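A.B. asks: One file is attached below, run-v8.pdb, containing PDB, C-alpha atoms, pLDDT in the B column.
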```pdb
ATOM      1  CA  MET A 173     199.944 265.787  85.033  1.00 87.00           C
ATOM      2  CA  PHE A 174     198.760 268.373  87.560  1.00 90.00           C
ATOM      3  CA  PHE A 175     197.010 271.634  86.796  1.00 90.00           C
ATOM      4  CA  ARG A 176     197.009 272.773  90.408  1.00 91.00           C
ATOM      5  CA  TYR A 177     199.064 271.651  93.374  1.00 92.00           C
ATOM      6  CA  LEU A 178     197.385 268.216  93.600  1.00 91.00           C
ATOM      7  CA  LYS A 179     194.586 268.360  91.004  1.00 91.00           C
ATOM      8  CA  VAL A 180     195.080 265.933  88.146  1.00 91.00           C
ATOM      9  CA  HIS A 181     194.148 266.854  84.554  1.00 90.00           C
ATOM     10  CA  GLU A 182     191.324 264.856  83.005  1.00 91.00           C
ATOM     11  CA  GLN A 183     193.728 263.697  80.292  1.00 88.00           C
ATOM     12  CA  CYS A 184     197.416 263.971  79.434  1.00 87.00           C
ATOM     13  CA  SER A 185     198.212 266.968  77.236  1.00 87.00           C
ATOM     14  CA  ALA A 186     200.974 265.068  75.387  1.00 89.00           C
ATOM     15  CA  CYS A 187     199.450 261.642  74.691  1.00 88.00           C
ATOM     16  CA  GLU A 188     195.766 262.272  75.511  1.00 87.00           C
ATOM     17  CA  LEU A 189     195.671 259.359  77.978  1.00 86.00           C
ATOM     18  CA  GLU A 190     192.653 259.725  80.235  1.00 87.00           C
ATOM     19  CA  LEU A 191     193.814 260.347  83.809  1.00 87.00           C
ATOM     20  CA  HIS A 192     190.442 260.671  85.504  1.00 85.00           C
ATOM     21  CA  HIS A 193     190.614 256.947  86.379  1.00 82.00           C
ATOM     22  CA  GLN A 194     193.308 257.498  88.981  1.00 86.00           C
ATOM     23  CA  ARG A 195     192.355 256.685  92.557  1.00 86.00           C
ATOM     24  CA  ALA A 196     195.307 257.842  94.632  1.00 87.00           C
ATOM     25  CA  ASP A 197     192.920 259.116  97.368  1.00 88.00           C
ATOM     26  CA  ASP A 198     194.555 258.816 100.806  1.00 93.00           C
ATOM     27  CA  ALA A 199     197.706 256.899  99.844  1.00 94.00           C
ATOM     28  CA  PRO A 200     199.937 259.901  98.954  1.00 96.00           C
ATOM     29  CA  PRO A 201     199.615 261.573 102.383  1.00 97.00           C
ATOM     30  CA  TYR A 202     200.336 258.294 104.181  1.00 97.00           C
ATOM     31  CA  PHE A 203     203.436 257.574 102.091  1.00 98.00           C
ATOM     32  CA  THR A 204     204.561 261.196 102.374  1.00 98.00           C
ATOM     33  CA  ILE A 205     204.231 261.151 106.169  1.00 98.00           C
ATOM     34  CA  THR A 206     206.258 257.935 106.298  1.00 98.00           C
ATOM     35  CA  LEU A 207     208.950 259.322 104.005  1.00 98.00           C
ATOM     36  CA  VAL A 208     209.271 262.655 105.825  1.00 98.00           C
ATOM     37  CA  ALA A 209     209.297 260.964 109.233  1.00 98.00           C
ATOM     38  CA  HIS A 210     212.152 258.713 108.118  1.00 98.00           C
ATOM     39  CA  ILE A 211     214.137 261.787 107.128  1.00 98.00           C
ATOM     40  CA  VAL A 212     213.320 264.149 109.999  1.00 98.00           C
ATOM     41  CA  MET A 213     213.290 261.840 113.010  1.00 98.00           C
ATOM     42  CA  PRO A 214     216.821 260.421 112.637  1.00 98.00           C
ATOM     43  CA  ALA A 215     218.167 263.925 111.982  1.00 98.00           C
ATOM     44  CA  LEU A 216     216.345 265.259 115.045  1.00 97.00           C
ATOM     45  CA  LEU A 217     217.617 262.446 117.256  1.00 97.00           C
ATOM     46  CA  ILE A 218     221.193 262.791 116.027  1.00 98.00           C
ATOM     47  CA  THR A 219     221.073 266.548 116.591  1.00 97.00           C
ATOM     48  CA  GLU A 220     219.732 266.054 120.112  1.00 97.00           C
ATOM     49  CA  ARG A 221     222.315 263.411 120.899  1.00 98.00           C
ATOM     50  CA  LEU A 222     225.304 265.413 119.632  1.00 98.00           C
ATOM     51  CA  TRP A 223     224.525 269.016 120.573  1.00 97.00           C
ATOM     52  CA  HIS A 224     221.606 269.045 123.065  1.00 97.00           C
ATOM     53  CA  PRO A 225     220.070 272.273 121.715  1.00 97.00           C
ATOM     54  CA  PRO A 226     217.198 273.901 123.604  1.00 97.00           C
ATOM     55  CA  GLU A 227     213.623 273.090 122.599  1.00 97.00           C
ATOM     56  CA  TRP A 228     213.084 276.393 120.787  1.00 97.00           C
ATOM     57  CA  VAL A 229     215.954 275.496 118.454  1.00 97.00           C
ATOM     58  CA  HIS A 230     214.357 272.143 117.713  1.00 96.00           C
ATOM     59  CA  MET A 231     211.026 273.839 117.046  1.00 97.00           C
ATOM     60  CA  SER A 232     212.572 276.459 114.782  1.00 98.00           C
ATOM     61  CA  ILE A 233     214.453 273.842 112.732  1.00 97.00           C
ATOM     62  CA  TRP A 234     212.279 270.739 112.552  1.00 98.00           C
ATOM     63  CA  LEU A 235     208.777 272.178 112.185  1.00 98.00           C
ATOM     64  CA  PRO A 236     209.574 274.294 109.101  1.00 98.00           C
ATOM     65  CA  LEU A 237     211.708 271.494 107.650  1.00 98.00           C
ATOM     66  CA  THR A 238     208.892 268.989 108.140  1.00 98.00           C
ATOM     67  CA  LEU A 239     206.406 271.322 106.474  1.00 98.00           C
ATOM     68  CA  ALA A 240     208.754 272.066 103.560  1.00 98.00           C
ATOM     69  CA  LEU A 241     209.568 268.395 102.962  1.00 98.00           C
ATOM     70  CA  THR A 242     205.893 267.443 103.126  1.00 98.00           C
ATOM     71  CA  LEU A 243     204.897 270.106 100.602  1.00 98.00           C
ATOM     72  CA  PHE A 244     207.814 269.092  98.361  1.00 98.00           C
ATOM     73  CA  PHE A 245     207.182 265.328  98.390  1.00 98.00           C
ATOM     74  CA  LEU A 246     203.361 265.201  98.328  1.00 97.00           C
ATOM     75  CA  PRO A 247     202.783 265.944  94.604  1.00 97.00           C
ATOM     76  CA  ARG A 248     205.738 263.760  93.631  1.00 97.00           C
ATOM     77  CA  VAL A 249     204.439 260.819  95.652  1.00 97.00           C
ATOM     78  CA  LYS A 250     200.960 261.294  94.186  1.00 95.00           C
ATOM     79  CA  GLY A 251     202.425 261.369  90.677  1.00 94.00           C
ATOM     80  CA  ALA A 252     204.413 258.216  91.394  1.00 95.00           C
ATOM     81  CA  LEU A 253     201.305 256.424  92.662  1.00 94.00           C
ATOM     82  CA  ILE A 254     199.314 257.461  89.591  1.00 92.00           C
ATOM     83  CA  GLY A 255     202.210 256.202  87.453  1.00 90.00           C
ATOM     84  CA  LEU A 256     202.164 252.918  89.356  1.00 91.00           C
ATOM     85  CA  GLN A 257     198.409 252.600  88.766  1.00 90.00           C
ATOM     86  CA  TRP A 258     199.002 253.210  85.056  1.00 90.00           C
ATOM     87  CA  ALA A 259     201.894 250.703  84.901  1.00 89.00           C
ATOM     88  CA  LYS A 260     199.842 248.011  86.655  1.00 89.00           C
ATOM     89  CA  ALA A 261     196.698 248.791  84.583  1.00 86.00           C
ATOM     90  CA  MET A 262     194.691 249.558  87.706  1.00 85.00           C
ATOM     91  CA  HIS A 263     191.451 251.577  87.996  1.00 78.00           C
ATOM     92  CA  GLY A 264     190.580 251.732  84.308  1.00 76.00           C
ATOM     93  CA  PHE A 265     194.067 252.474  82.949  1.00 82.00           C
ATOM     94  CA  GLY A 266     194.193 249.054  81.286  1.00 76.00           C
ATOM     95  CA  GLY A 267     191.589 249.774  78.640  1.00 61.00           C
ATOM     96  CA  PRO A 268     187.948 248.743  78.500  1.00 58.00           C
ATOM     97  CA  VAL A 269     186.681 246.499  81.261  1.00 54.00           C
ATOM     98  CA  LYS A 270     185.531 243.093  80.004  1.00 55.00           C
ATOM     99  CA  ASP A 271     182.491 241.411  81.509  1.00 49.00           C
TER     100      ASP A 271
END
```
Kindly transcribe the structure held in the file into C-alpha cells.

C.D. replies:
Amino acid sequence: MFFRYLKVHEQCSACELELHHQRADDAPPYFTITLVAHIVMPALLITERLWHPPEWVHMSIWLPLTLALTLFFLPRVKGALIGLQWAKAMHGFGGPVKD
C-alpha cells in the first residue's frame, strides 16, 4: 500500500484499486499518540512505583521507547484507517458518486 514510509500508492499493485481517494490526514497521528501513551504511561508509572529509578534512567528508557513505538505503529494505523475507509465505502472507495 505504501511506497515510502507514509506515502500511499495511487493504486493497488495487486488488484488495481485506486487508493488516491483515501483521506487519512491527521487521524493516524492522533490514534498513534493515544495508543503509544496507553502503552508507555502505565509502564512508566509502574516502574516509578516499584523501583524509583533516577530521572536519567526514565529519560534513557521511555524517550527512545516512545519514539520507536510511534515509528512502528504510525504506518500500521494509517493502513488500518485506509482499510476502514475502504470497508465503509468512504471518500470515493464505494464507486462512482451518484447525484

A.B. asks: So which one's closest to Ala261 of chain A, A:Ala209, A:Ala240, A:Ala186, A:Leu191? Using only C-alpha atoms, please.

C.D. replies: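 When distances to Ala261 of chain A are compared using only C-alpha atoms, the smallest one comes from A:Leu191.
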
A.B. asks: Please evaluate the PyMOL selection byres ((chain A and resi 173-178) around 12) against the displayed coordinates and give the resulting residues as a ChimeraX atom specification.

C.D. replies: /A:179-192,194,196-197,200-201,243-252,254-255

A.B. asks: I'd like to know which of A:Pro236, A:Thr219, A:Asp198, A:His224 is closest to Leu253 of chain A, using all atoms listed in the file.

C.D. replies: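 When distances to Leu253 of chain A are compared using all atoms listed in the file, the smallest one comes from A:Asp198.
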